[in-house]
$ cat model38.cif   # mmCIF, C-alpha atoms
data_target
loop_
_atom_site.label_atom_id
_atom_site.label_comp_id
_atom_site.auth_asym_id
_atom_site.auth_seq_id
_atom_site.Cartn_x
_atom_site.Cartn_y
_atom_site.Cartn_z
CA MET A 1 0.00 0.00 0.00
CA LYS A 2 1.31 3.41 -1.00
CA LYS A 3 2.22 5.65 1.94
CA LYS A 4 0.37 8.98 1.87
CA PHE A 5 2.78 11.92 1.73
CA LYS A 6 2.12 14.41 4.54
CA ILE A 7 3.93 17.65 5.38
CA SER A 8 4.31 18.13 9.14
CA LEU A 9 3.05 21.29 10.84
CA ALA A 10 6.64 22.37 11.62
CA ALA A 11 7.55 22.06 7.90
CA GLN A 12 4.42 23.99 6.86
CA ILE A 13 5.23 26.83 9.31
CA LEU A 14 8.84 26.86 8.09
CA ILE A 15 7.64 27.15 4.48
CA GLY A 16 5.33 30.03 5.50
CA LEU A 17 8.27 31.70 7.27
CA ILE A 18 10.60 31.40 4.26
CA LEU A 19 7.94 32.59 1.78
CA GLY A 20 7.12 35.54 4.08
CA ILE A 21 10.81 36.56 4.21
CA ILE A 22 11.10 36.32 0.40
CA ILE A 23 7.92 38.33 -0.29
CA GLY A 24 8.81 40.91 2.38
CA GLY A 25 12.31 41.28 0.92
CA ILE A 26 11.05 41.65 -2.66
CA PHE A 27 8.48 44.30 -1.70
CA TYR A 28 10.62 46.06 0.93
CA GLY A 29 9.32 49.58 1.59
CA ASN A 30 6.01 48.97 -0.21
CA PRO A 31 3.16 49.97 2.20
CA LYS A 32 0.61 47.91 0.21
CA ILE A 33 2.22 44.69 1.52
CA GLU A 34 1.08 45.55 5.04
CA THR A 35 -2.46 46.19 3.74
CA TYR A 36 -2.69 42.70 2.23
CA LEU A 37 -0.58 40.59 4.60
CA GLN A 38 -1.27 42.10 8.04
CA PRO A 39 -4.89 40.81 8.11
CA LEU A 40 -3.58 37.23 7.69
CA GLY A 41 -1.35 37.60 10.75
CA ASP A 42 -4.01 39.46 12.76
CA ILE A 43 -6.67 36.79 12.06
CA PHE A 44 -4.33 34.07 13.31
CA LEU A 45 -3.39 35.99 16.48
CA HIS A 46 -7.08 36.77 17.12
CA LEU A 47 -7.91 33.05 16.77
CA ILE A 48 -5.22 32.24 19.34
CA LYS A 49 -6.42 34.91 21.78
CA MET A 50 -9.96 33.56 21.31
CA ILE A 51 -9.05 30.07 22.56
CA VAL A 52 -6.47 30.86 25.27
CA VAL A 53 -8.84 32.10 28.02
CA PRO A 54 -11.38 29.21 27.77
CA ILE A 55 -8.52 26.68 27.81
CA ILE A 56 -6.84 28.19 30.89
CA ILE A 57 -10.12 28.48 32.82
CA SER A 58 -11.37 24.97 31.99
CA THR A 59 -8.05 23.12 32.51
CA LEU A 60 -7.25 25.00 35.73
CA ILE A 61 -10.70 24.36 37.22
CA VAL A 62 -10.51 20.65 36.29
CA GLY A 63 -6.95 20.39 37.63
CA VAL A 64 -7.64 22.19 40.93
CA ALA A 65 -11.01 20.50 41.52
CA GLY A 66 -9.41 17.12 40.84
CA THR A 67 -6.81 17.80 43.54
CA GLY A 68 -9.05 19.77 45.90
CA ASP A 69 -6.16 20.29 48.33
CA MET A 70 -5.73 23.94 49.40
CA LYS A 71 -2.49 23.19 51.26
CA GLN A 72 -0.96 21.43 48.24
CA LEU A 73 -2.00 24.27 45.95
CA GLY A 74 -0.53 26.90 48.30
CA ARG A 75 2.73 24.95 48.45
CA LEU A 76 2.84 24.72 44.64
CA GLY A 77 2.19 28.47 44.31
CA GLY A 78 4.96 29.33 46.78
CA LYS A 79 7.49 27.01 45.14
CA SER A 80 6.60 28.32 41.66
CA ILE A 81 7.16 31.96 42.65
CA ILE A 82 10.53 31.09 44.28
CA TYR A 83 11.59 29.15 41.17
CA PHE A 84 10.47 31.93 38.80
CA GLU A 85 12.36 34.56 40.81
CA ILE A 86 15.59 32.52 40.89
CA ILE A 87 15.55 31.71 37.15
CA THR A 88 14.67 35.25 35.99
CA THR A 89 17.39 36.67 38.29
CA VAL A 90 19.92 34.26 36.75
CA ALA A 91 18.73 35.42 33.28
CA ILE A 92 19.35 39.08 34.25
CA VAL A 93 22.83 38.24 35.62
CA VAL A 94 23.72 36.28 32.44
CA GLY A 95 22.55 39.25 30.32
CA LEU A 96 24.61 41.75 32.35
CA LEU A 97 27.73 39.55 32.26
CA SER A 98 27.39 39.09 28.50
CA ALA A 99 27.06 42.84 27.85
CA ASN A 100 30.02 43.59 30.16
CA LEU A 101 32.22 41.00 28.44
CA PHE A 102 31.45 41.87 24.80
CA HIS A 103 30.47 45.60 24.94
CA PRO A 104 27.93 45.55 22.06
CA GLY A 105 27.29 49.33 22.32
CA THR A 106 30.92 50.49 22.36
CA GLY A 107 32.01 52.25 19.16
CA ILE A 108 28.48 52.54 17.72
CA ASN A 109 28.01 55.70 15.64
CA MET A 110 24.51 56.93 16.57
CA SER A 111 24.32 59.13 13.44
CA GLU A 112 24.25 55.94 11.32
CA LEU A 113 21.23 54.53 13.18
CA SER A 114 17.62 55.22 12.25
CA GLN A 115 15.27 56.00 15.12
CA GLY A 116 11.99 54.20 15.66
CA ASP A 117 8.83 55.64 17.20
CA ILE A 118 8.53 54.68 20.89
CA SER A 119 5.82 57.21 21.87
CA LYS A 120 3.15 54.51 22.33
CA TYR A 121 5.40 52.68 24.81
CA VAL A 122 6.06 55.91 26.74
CA THR A 123 2.30 56.35 27.35
CA THR A 124 1.96 52.74 28.55
CA THR A 125 5.02 53.12 30.80
CA GLU A 126 3.56 56.22 32.46
CA GLU A 127 0.40 54.23 33.26
CA VAL A 128 2.47 51.36 34.72
CA GLN A 129 4.68 53.71 36.78
CA HIS A 130 1.65 55.40 38.33
CA GLU A 131 0.76 52.10 39.98
CA GLY A 132 1.83 51.55 43.60
CA PRO A 133 4.07 48.64 44.68
CA PHE A 134 1.07 46.55 45.80
CA ASP A 135 -1.14 47.29 42.78
CA ILE A 136 0.01 44.10 41.01
CA ILE A 137 -1.11 42.05 44.03
CA VAL A 138 -4.43 43.95 44.25
CA GLY A 139 -4.92 43.52 40.49
CA ILE A 140 -4.71 39.73 40.85
CA VAL A 141 -8.13 39.79 42.57
CA PRO A 142 -10.75 40.62 39.91
CA THR A 143 -13.76 42.83 40.61
CA ASN A 144 -15.45 41.53 37.45
CA ILE A 145 -14.23 38.21 36.07
CA ILE A 146 -16.03 38.77 32.73
CA GLN A 147 -14.11 42.04 32.29
CA SER A 148 -10.83 40.32 33.25
CA MET A 149 -11.55 37.63 30.65
CA ALA A 150 -12.28 40.28 28.00
CA GLU A 151 -9.03 42.10 28.83
CA GLY A 152 -7.01 38.87 28.97
CA ASN A 153 -5.85 39.64 32.52
CA MET A 154 -4.07 36.32 33.07
CA LEU A 155 -3.37 36.64 36.80
CA ALA A 156 -6.98 37.58 37.61
CA ILE A 157 -8.24 34.67 35.47
CA ILE A 158 -5.90 32.24 37.24
CA PHE A 159 -6.99 33.53 40.68
CA PHE A 160 -10.70 33.11 39.88
CA SER A 161 -10.21 29.65 38.31
CA VAL A 162 -8.25 28.38 41.33
CA ILE A 163 -10.88 29.65 43.81
CA PHE A 164 -13.73 28.28 41.67
CA GLY A 165 -11.96 24.91 41.31
CA LEU A 166 -11.57 24.66 45.09
CA GLY A 167 -15.28 25.50 45.42
CA VAL A 168 -16.22 22.71 43.00
CA ALA A 169 -14.10 20.25 45.01
CA ALA A 170 -15.59 21.46 48.32
CA VAL A 171 -19.23 20.71 47.36
CA GLY A 172 -18.39 17.07 46.58
CA GLU A 173 -20.96 15.12 44.51
CA ARG A 174 -22.94 18.27 43.66
CA GLY A 175 -19.85 19.65 41.91
CA LYS A 176 -19.46 16.62 39.64
CA PRO A 177 -21.72 17.94 36.82
CA VAL A 178 -19.75 21.23 36.91
CA LEU A 179 -16.46 19.32 36.73
CA ASP A 180 -17.76 17.21 33.81
CA PHE A 181 -18.87 20.40 32.04
CA PHE A 182 -15.41 22.02 32.29
CA GLN A 183 -13.70 18.76 31.30
CA GLY A 184 -15.90 18.79 28.19
CA VAL A 185 -14.99 22.44 27.54
CA ALA A 186 -11.27 21.62 27.86
CA ASP A 187 -11.52 18.65 25.46
CA ALA A 188 -13.53 20.68 22.94
CA MET A 189 -11.09 23.62 23.13
CA PHE A 190 -8.09 21.40 22.47
CA TRP A 191 -9.91 20.12 19.36
CA VAL A 192 -10.48 23.75 18.33
CA THR A 193 -6.76 24.43 18.96
CA ASN A 194 -5.79 21.73 16.46
CA LEU A 195 -8.18 23.31 13.95
CA VAL A 196 -6.74 26.81 14.51
CA MET A 197 -3.18 25.49 14.07
CA LYS A 198 -4.00 24.55 10.47
CA PHE A 199 -4.09 28.31 9.78
CA ALA A 200 -0.68 28.86 11.48
CA PRO A 201 1.51 28.72 8.30
CA ILE A 202 -0.66 31.40 6.63
CA GLY A 203 -0.58 33.57 9.78
CA VAL A 204 3.22 33.21 10.00
CA PHE A 205 3.56 34.10 6.29
CA GLY A 206 1.58 37.32 6.85
CA LEU A 207 3.35 38.39 10.06
CA ILE A 208 6.92 37.81 8.89
CA GLY A 209 6.19 39.27 5.44
CA VAL A 210 5.03 42.55 7.00
CA THR A 211 8.04 42.68 9.36
CA VAL A 212 10.62 42.19 6.57
CA SER A 213 8.83 44.60 4.20
CA LYS A 214 8.83 47.28 6.92
CA TYR A 215 12.38 47.01 8.26
CA GLY A 216 14.22 45.00 5.61
CA PHE A 217 17.65 43.57 6.34
CA ALA A 218 19.49 46.90 6.18
CA SER A 219 18.27 47.86 9.67
CA LEU A 220 20.16 44.85 11.06
CA VAL A 221 23.61 45.88 9.78
CA PRO A 222 24.50 48.72 12.23
CA LEU A 223 23.01 46.73 15.12
CA ALA A 224 24.32 43.32 14.02
CA LYS A 225 26.63 43.08 17.04
CA LEU A 226 23.71 43.58 19.42
CA ALA A 227 21.48 41.07 17.56
CA ILE A 228 24.23 38.41 17.39
CA LEU A 229 25.11 38.88 21.08
CA VAL A 230 21.46 38.65 22.19
CA TYR A 231 20.92 35.42 20.22
CA ALA A 232 24.26 33.91 21.32
CA THR A 233 23.52 34.70 24.99
CA MET A 234 20.03 33.22 24.65
CA LEU A 235 21.49 30.00 23.24
CA PHE A 236 23.95 29.88 26.15
CA PHE A 237 21.08 30.38 28.60
CA ILE A 238 18.97 27.64 26.98
CA PHE A 239 21.67 24.97 26.69
CA VAL A 240 23.71 25.72 29.81
CA VAL A 241 21.40 27.28 32.43
CA LEU A 242 18.10 25.64 31.43
CA GLY A 243 20.07 22.53 30.42
CA LEU A 244 21.27 22.11 34.02
CA VAL A 245 17.76 22.76 35.35
CA ALA A 246 16.35 20.17 32.92
CA LYS A 247 18.93 17.65 34.15
CA PHE A 248 17.55 18.15 37.67
CA ALA A 249 14.06 17.38 36.33
CA GLY A 250 15.41 14.21 34.73
CA ILE A 251 15.01 15.29 31.10
CA SER A 252 17.51 16.35 28.45
CA ILE A 253 17.06 19.93 27.20
CA PHE A 254 17.66 18.57 23.68
CA TYR A 255 14.74 16.14 24.03
CA LEU A 256 12.52 18.91 25.37
CA ILE A 257 13.35 21.08 22.36
CA LYS A 258 12.61 18.15 20.02
CA VAL A 259 9.24 17.63 21.71
CA LEU A 260 8.44 21.34 21.31
CA LYS A 261 9.94 21.86 17.83
CA ASP A 262 6.60 22.71 16.16
CA GLU A 263 5.67 25.15 18.94
CA LEU A 264 9.12 26.79 18.98
CA ILE A 265 9.05 27.43 15.22
CA LEU A 266 5.57 28.94 15.60
CA ALA A 267 6.58 31.04 18.64
CA PHE A 268 9.66 32.30 16.78
CA SER A 269 7.70 33.16 13.64
CA THR A 270 4.85 34.98 15.40
CA ALA A 271 6.86 36.40 18.35
CA SER A 272 3.85 35.38 20.45
CA SER A 273 4.01 33.04 23.47
CA GLU A 274 0.20 32.91 23.53
CA ALA A 275 0.19 31.26 20.10
CA VAL A 276 1.60 28.05 21.58
CA LEU A 277 0.20 28.08 25.14
CA PRO A 278 -2.58 25.47 24.60
CA ARG A 279 -0.26 23.02 22.82
CA ILE A 280 2.65 23.23 25.29
CA MET A 281 0.20 22.62 28.17
CA LEU A 282 -1.02 19.47 26.42
CA LYS A 283 2.51 18.27 25.64
CA MET A 284 3.88 18.86 29.16
CA GLU A 285 0.98 16.82 30.53
CA LYS A 286 1.85 14.00 28.11
CA LEU A 287 5.49 14.28 29.23
CA GLY A 288 4.58 13.38 32.80
CA ALA A 289 3.54 16.59 34.62
CA PRO A 290 0.09 16.35 36.31
CA LYS A 291 -2.78 18.39 34.82
CA ASP A 292 -3.20 20.63 37.91
CA ILE A 293 0.53 21.54 37.95
CA VAL A 294 0.67 22.24 34.20
CA SER A 295 -2.53 24.31 34.19
CA PHE A 296 -1.27 26.42 37.12
CA VAL A 297 2.48 26.78 36.45
CA ILE A 298 2.54 27.56 32.70
CA PRO A 299 -0.09 30.38 32.63
CA THR A 300 1.40 31.90 35.82
CA GLY A 301 4.86 31.68 34.26
CA TYR A 302 3.62 33.81 31.36
CA SER A 303 3.49 36.70 33.85
CA PHE A 304 6.34 35.86 36.22
CA ASN A 305 8.85 33.73 34.30
CA LEU A 306 9.86 35.63 31.17
CA ASP A 307 13.49 34.44 31.02
CA GLY A 308 14.17 35.57 27.45
CA SER A 309 12.66 39.00 28.04
CA THR A 310 14.61 39.73 31.24
CA LEU A 311 17.88 38.52 29.67
CA TYR A 312 17.32 40.81 26.67
CA GLN A 313 16.38 43.76 28.88
CA ALA A 314 19.68 43.48 30.78
CA ILE A 315 21.74 43.42 27.55
CA ALA A 316 19.70 46.24 25.95
CA ALA A 317 20.10 48.49 29.02
CA LEU A 318 23.91 48.15 28.99
CA PHE A 319 24.00 48.46 25.19
CA ILE A 320 22.33 51.87 25.39
CA ALA A 321 24.60 52.97 28.26
CA GLN A 322 27.70 51.92 26.26
CA MET A 323 26.38 53.64 23.13
CA TYR A 324 26.17 56.93 25.08
CA GLY A 325 29.56 56.32 26.69
CA ILE A 326 28.05 55.94 30.17
CA HIS A 327 29.99 53.70 32.57
CA LEU A 328 27.79 51.92 35.09
CA SER A 329 29.50 50.92 38.34
CA ILE A 330 28.93 47.51 39.96
CA GLY A 331 26.55 49.19 42.43
CA GLU A 332 24.53 50.78 39.60
CA GLN A 333 24.33 47.45 37.76
CA ILE A 334 23.10 45.74 40.95
CA THR A 335 20.46 48.50 41.23
CA LEU A 336 19.52 47.87 37.58
CA MET A 337 19.19 44.14 38.31
CA LEU A 338 16.98 44.72 41.37
CA VAL A 339 14.72 47.17 39.50
CA LEU A 340 14.41 44.75 36.54
CA MET A 341 13.45 41.96 38.96
CA VAL A 342 10.47 44.07 40.07
CA THR A 343 9.43 45.85 36.85
CA SER A 344 9.46 42.68 34.72
CA LYS A 345 6.77 40.97 36.81
CA GLY A 346 3.04 40.97 36.27
CA ILE A 347 2.71 43.09 33.11
CA ALA A 348 3.02 40.34 30.49
CA GLY A 349 -0.25 41.40 28.84
CA VAL A 350 1.07 44.91 28.12
CA PRO A 351 1.88 45.43 24.40
CA GLY A 352 5.66 45.73 23.79
CA VAL A 353 6.32 44.53 27.34
CA SER A 354 10.14 44.55 27.01
CA PHE A 355 10.16 48.17 25.84
CA VAL A 356 7.76 49.17 28.62
CA VAL A 357 9.98 47.48 31.25
CA LEU A 358 13.11 49.16 29.87
CA LEU A 359 11.44 52.60 29.83
CA ALA A 360 10.41 52.08 33.45
CA THR A 361 13.93 50.95 34.41
CA LEU A 362 16.59 52.93 32.50
CA GLY A 363 15.96 56.26 34.26
CA THR A 364 16.74 54.74 37.67
CA VAL A 365 20.44 54.38 36.72
CA GLY A 366 20.72 57.51 34.57
CA ILE A 367 20.54 55.90 31.10
CA PRO A 368 18.84 58.16 28.49
CA LEU A 369 15.42 56.78 27.53
CA GLU A 370 15.85 58.17 23.98
CA GLY A 371 18.38 55.38 23.35
CA LEU A 372 15.54 52.91 23.01
CA ALA A 373 14.47 54.60 19.77
CA PHE A 374 17.72 53.38 18.16
CA ILE A 375 16.94 49.69 18.78
CA ALA A 376 13.20 49.90 18.01
CA GLY A 377 13.84 48.87 14.38
CA ILE A 378 15.20 45.44 15.30
CA ASP A 379 12.99 44.84 18.33
CA ARG A 380 10.72 42.48 16.38
CA ILE A 381 13.70 40.33 15.30
CA LEU A 382 14.95 40.17 18.91
CA ASP A 383 11.41 39.54 20.17
CA MET A 384 11.24 36.37 18.08
CA GLY A 385 14.27 34.96 19.90
CA ARG A 386 13.20 35.96 23.41
CA THR A 387 9.75 34.42 22.82
CA VAL A 388 11.41 31.05 22.15
CA VAL A 389 13.38 31.30 25.42
CA ASN A 390 10.19 32.24 27.31
CA VAL A 391 8.36 29.20 25.90
CA ILE A 392 11.17 26.74 26.73
CA GLY A 393 11.54 28.27 30.22
CA ASN A 394 7.84 27.96 31.06
CA SER A 395 7.50 24.45 29.62
CA LEU A 396 10.48 23.32 31.67
CA ALA A 397 9.10 25.05 34.79
CA SER A 398 6.04 22.74 34.81
CA LEU A 399 8.31 19.65 34.72
CA VAL A 400 10.56 21.06 37.46
CA MET A 401 7.54 21.78 39.70
CA ALA A 402 6.19 18.26 39.09
CA LYS A 403 9.59 16.83 40.07
CA TRP A 404 9.84 19.15 43.12
CA GLU A 405 6.37 18.08 44.26
CA GLY A 406 7.33 14.41 43.82
CA ARG A 407 4.56 13.90 41.25
CA PHE A 408 6.55 13.62 38.02
CA ASP A 409 5.42 10.54 36.07
CA ARG A 410 8.65 9.21 34.54
CA GLU A 411 6.86 6.20 33.07
CA LYS A 412 4.52 8.51 31.16
CA MET A 413 7.52 10.38 29.77
CA LYS A 414 9.21 7.13 28.66
CA ASN A 415 6.01 6.00 26.93
CA TYR A 416 5.71 9.37 25.19
CA PHE A 417 9.23 9.05 23.78
CA LYS A 418 8.57 5.42 22.81
CA ASP A 419 5.42 6.45 20.91
CA ASN A 420 7.23 9.36 19.26
CA GLU A 421 10.57 7.80 18.33
CA ASN A 422 10.69 9.99 15.22
CA LEU A 423 11.03 13.19 17.29
CA ALA A 424 14.45 13.86 15.85
#
$ encode --input "model38.cif" --output "structure tokens"
Amino acid sequence: MKKKFKISLAAQILIGLILGIIIGGIFYGNPKIETYLQPLGDIFLHLIKMIVVPIIISTLIVGVAGTGDMKQLGRLGGKSIIYFEIITTVAIVVGLLSANLFHPGTGINMSELSQGDISKYVTTTEEVQHEGPFDIIVGIVPTNIIQSMAEGNMLAIIFFSVIFGLGVAAVGERGKPVLDFFQGVADAMFWVTNLVMKFAPIGVFGLIGVTVSKYGFASLVPLAKLAILVYATMLFFIFVVLGLVAKFAGISIFYLIKVLKDELILAFSTASSEAVLPRIMLKMEKLGAPKDIVSFVIPTGYSFNLDGSTLYQAIAALFIAQMYGIHLSIGEQITLMLVLMVTSKGIAGVPGVSFVVLLATLGTVGIPLEGLAFIAGIDRILDMGRTVVNVIGNSLASLVMAKWEGRFDREKMKNYFKDNENLA
């Protein structure tokens, strides 16, 4: 019997990525490309945003209600926050060390650089800075869960889902129909996810085509040193830092990347962590992490565990300082690290989050905010890389928490690899 030829999703997305780069390069500077291609990317991102909230709510309620243990959940939450803080701090330190060793901003002629428009980020930053130190904590508790769902306020959604799940568990038999309902919602939404992913190659084609047609490859040349350093440091962080963490969890970082190859290509192409959230939750569960841990740790990590973003922010801050010839002492760099540890938490839903964090941080150590305009042109290219790091970091976090809680199912992981021997 003749074997039916089938192109994998990863290959389809890769084809969309390559075609988008070619079309964007051919029509560089032509505004009509954005008119025709942007809707393709926007439709795909809208489809993803449409399914993310129902999946998080349903899986979290099912996971929490299935456990029904307040003490266990509190312990998991505490451990997760400690883990997130340690890993993101290591990411900041790695970024600072890299920028100090290689000096990407030294010798840059600012007159050769084009400046991007960062006014929209300035407005957002002012709104964020007006918030008090406890506003993030207060904001976790929603006043109107429907409004929080509409706004995509992840922390408020997680808080409500956890409380509701505990409520379902507390009422015993009477909660069973509710639990069955949300299990049905979760199953249906994962089916919808697979349907949405069929549109992914077209969405990637549109998004990357617009990016290349807008900025071209010329914008990379003066900032090539920064781009190369950011990507090289991210690779070091993935294979060395996260590699050691993965070893603790009993999994090879190379295997994890093979498992997530489709999602990483998609995350890279779209520069959107949300685009792959439903699928990485499903895969981490298949890899041996319990449903309640996966459904709590990964969505929470999207707000508190942005390893790629914090690493980039540290390099970008020193790049701008070096570009202006500003020497930051060890004390000032420690201050920068401490401020980044605070400002990078809890605002993941803010558009251009890395720029917003940098705008809120640079002034504290006397770095000119205007310097950000010089790297705005390549921010999208750098965003693609940091999204990949964020996805790997959060996927790994769920396995680490499962191991830390003593609930990691190694047999399940072995069976997954046995059933998917063609991962390579």
$ resolve_selection --input "model38.cif" --expression "the PyMOL selection byres ((chain A and resi 320) around 12)" --output "PyMOL selection string"
chain A and resi 99+103-110+223+226+313-319+321-328+358-359+362-363+365-376
$ write_last_selection --input "model38.cif" --atoms "C-alpha atoms" --output "compact mmCIF listing (two decimals), in the frame of the given file"
# COMPACT_ATOMS: atom_id res chain seq x y z
CA ALA A 99 27.06 42.84 27.85
CA HIS A 103 30.47 45.60 24.94
CA PRO A 104 27.93 45.55 22.06
CA GLY A 105 27.29 49.33 22.32
CA THR A 106 30.92 50.49 22.36
CA GLY A 107 32.01 52.25 19.16
CA ILE A 108 28.48 52.54 17.72
CA ASN A 109 28.01 55.70 15.64
CA MET A 110 24.51 56.93 16.57
CA LEU A 223 23.01 46.73 15.12
CA LEU A 226 23.71 43.58 19.42
CA GLN A 313 16.38 43.76 28.88
CA ALA A 314 19.68 43.48 30.78
CA ILE A 315 21.74 43.42 27.55
CA ALA A 316 19.70 46.24 25.95
CA ALA A 317 20.10 48.49 29.02
CA LEU A 318 23.91 48.15 28.99
CA PHE A 319 24.00 48.46 25.19
CA ALA A 321 24.60 52.97 28.26
CA GLN A 322 27.70 51.92 26.26
CA MET A 323 26.38 53.64 23.13
CA TYR A 324 26.17 56.93 25.08
CA GLY A 325 29.56 56.32 26.69
CA ILE A 326 28.05 55.94 30.17
CA HIS A 327 29.99 53.70 32.57
CA LEU A 328 27.79 51.92 35.09
CA LEU A 358 13.11 49.16 29.87
CA LEU A 359 11.44 52.60 29.83
CA LEU A 362 16.59 52.93 32.50
CA GLY A 363 15.96 56.26 34.26
CA VAL A 365 20.44 54.38 36.72
CA GLY A 366 20.72 57.51 34.57
CA ILE A 367 20.54 55.90 31.10
CA PRO A 368 18.84 58.16 28.49
CA LEU A 369 15.42 56.78 27.53
CA GLU A 370 15.85 58.17 23.98
CA GLY A 371 18.38 55.38 23.35
CA LEU A 372 15.54 52.91 23.01
CA ALA A 373 14.47 54.60 19.77
CA PHE A 374 17.72 53.38 18.16
CA ILE A 375 16.94 49.69 18.78
CA ALA A 376 13.20 49.90 18.01
$ residues_around --input "model38.cif" --residues "Ala227 (chain A)" --least-positions-apart "5" --cutoff "12 Å" --atoms "all atoms listed in the file" --output "ChimeraX atom specification"
/A:99,104-105,219-222,232-234,312,315-316,319,375,377-386
$ closest_residue --input "model38.cif" --among "A:Pro54, A:Ala65, A:Ser98, A:Val204" --to "Ile146 (chain A)" --atoms "only C-alpha atoms"
A:Pro54
$ resolve_selection --input "model38.cif" --expression "the PyMOL selection byres ((chain A and resi 42) around 12)" --output "number ranges by chain"
A: 34-41, 43-50, 199-200, 202-208, 210, 270, 272, 275
$ axis_aligned_box --input "model38.cif" --around "region 41-56 of chain A" --padding-each-side "6 Å" --output "lines of an AutoDock Vina configuration file"
center_x = -6.4
center_y = 33.1
center_z = 20.8
size_x = 22.0
size_y = 24.8
size_z = 32.1
$ atom_distance --input "model38.cif" --atom1 "CA of Gly184 (chain A)" --atom2 "CA of Lys198 (chain A)"
22.1 Å
$ closest_residue --input "model38.cif" --among "A:Ile392, A:Phe102, A:Pro31, A:Ile298" --to "Phe254 (chain A)" --atoms "all atoms listed in the file"
A:Ile392
$ atom_distance --input "model38.cif" --atom1 "CA of Pro290 (chain A)" --atom2 "CA of Ser80 (chain A)"
14.6 Å
$ resolve_selection --input "model38.cif" --expression "the PyMOL selection byres ((chain A and resi 29) around 7)" --output "CSV table (one decimal) with C-alpha atoms, in the coordinates of the input"
chain,number,residue,atom,x,y,z
A,27,PHE,CA,8.5,44.3,-1.7
A,28,TYR,CA,10.6,46.1,0.9
A,30,ASN,CA,6.0,49.0,-0.2
A,31,PRO,CA,3.2,50.0,2.2
A,213,SER,CA,8.8,44.6,4.2
A,214,LYS,CA,8.8,47.3,6.9
$ decode --input "model38.cif" --residues "region 5-48 of chain A" --atoms "C-alpha atoms" --output "PDB file, in the first residue's frame"
ATOM      1  CA  PHE A   5       2.783  11.922   1.735  1.00  0.00           C
ATOM      2  CA  LYS A   6       2.122  14.409   4.535  1.00  0.00           C
ATOM      3  CA  ILE A   7       3.926  17.647   5.377  1.00  0.00           C
ATOM      4  CA  SER A   8       4.307  18.134   9.135  1.00  0.00           C
ATOM      5  CA  LEU A   9       3.051  21.292  10.835  1.00  0.00           C
ATOM      6  CA  ALA A  10       6.638  22.366  11.617  1.00  0.00           C
ATOM      7  CA  ALA A  11       7.553  22.064   7.904  1.00  0.00           C
ATOM      8  CA  GLN A  12       4.419  23.994   6.861  1.00  0.00           C
ATOM      9  CA  ILE A  13       5.234  26.829   9.311  1.00  0.00           C
ATOM     10  CA  LEU A  14       8.843  26.863   8.091  1.00  0.00           C
ATOM     11  CA  ILE A  15       7.636  27.146   4.477  1.00  0.00           C
ATOM     12  CA  GLY A  16       5.333  30.028   5.502  1.00  0.00           C
ATOM     13  CA  LEU A  17       8.266  31.702   7.271  1.00  0.00           C
ATOM     14  CA  ILE A  18      10.603  31.405   4.255  1.00  0.00           C
ATOM     15  CA  LEU A  19       7.944  32.591   1.780  1.00  0.00           C
ATOM     16  CA  GLY A  20       7.123  35.535   4.081  1.00  0.00           C
ATOM     17  CA  ILE A  21      10.806  36.564   4.210  1.00  0.00           C
ATOM     18  CA  ILE A  22      11.100  36.317   0.401  1.00  0.00           C
ATOM     19  CA  ILE A  23       7.920  38.326  -0.291  1.00  0.00           C
ATOM     20  CA  GLY A  24       8.806  40.907   2.383  1.00  0.00           C
ATOM     21  CA  GLY A  25      12.309  41.284   0.920  1.00  0.00           C
ATOM     22  CA  ILE A  26      11.046  41.647  -2.663  1.00  0.00           C
ATOM     23  CA  PHE A  27       8.479  44.297  -1.704  1.00  0.00           C
ATOM     24  CA  TYR A  28      10.623  46.057   0.927  1.00  0.00           C
ATOM     25  CA  GLY A  29       9.316  49.583   1.588  1.00  0.00           C
ATOM     26  CA  ASN A  30       6.010  48.965  -0.206  1.00  0.00           C
ATOM     27  CA  PRO A  31       3.156  49.975   2.199  1.00  0.00           C
ATOM     28  CA  LYS A  32       0.611  47.909   0.215  1.00  0.00           C
ATOM     29  CA  ILE A  33       2.217  44.688   1.519  1.00  0.00           C
ATOM     30  CA  GLU A  34       1.079  45.554   5.044  1.00  0.00           C
ATOM     31  CA  THR A  35      -2.460  46.187   3.738  1.00  0.00           C
ATOM     32  CA  TYR A  36      -2.690  42.704   2.228  1.00  0.00           C
ATOM     33  CA  LEU A  37      -0.582  40.590   4.598  1.00  0.00           C
ATOM     34  CA  GLN A  38      -1.273  42.103   8.039  1.00  0.00           C
ATOM     35  CA  PRO A  39      -4.893  40.808   8.114  1.00  0.00           C
ATOM     36  CA  LEU A  40      -3.578  37.229   7.691  1.00  0.00           C
ATOM     37  CA  GLY A  41      -1.354  37.599  10.748  1.00  0.00           C
ATOM     38  CA  ASP A  42      -4.009  39.456  12.755  1.00  0.00           C
ATOM     39  CA  ILE A  43      -6.669  36.790  12.062  1.00  0.00           C
ATOM     40  CA  PHE A  44      -4.328  34.065  13.308  1.00  0.00           C
ATOM     41  CA  LEU A  45      -3.387  35.993  16.478  1.00  0.00           C
ATOM     42  CA  HIS A  46      -7.083  36.770  17.118  1.00  0.00           C
ATOM     43  CA  LEU A  47      -7.915  33.053  16.771  1.00  0.00           C
ATOM     44  CA  ILE A  48      -5.224  32.241  19.336  1.00  0.00           C
TER      45      ILE A  48
END
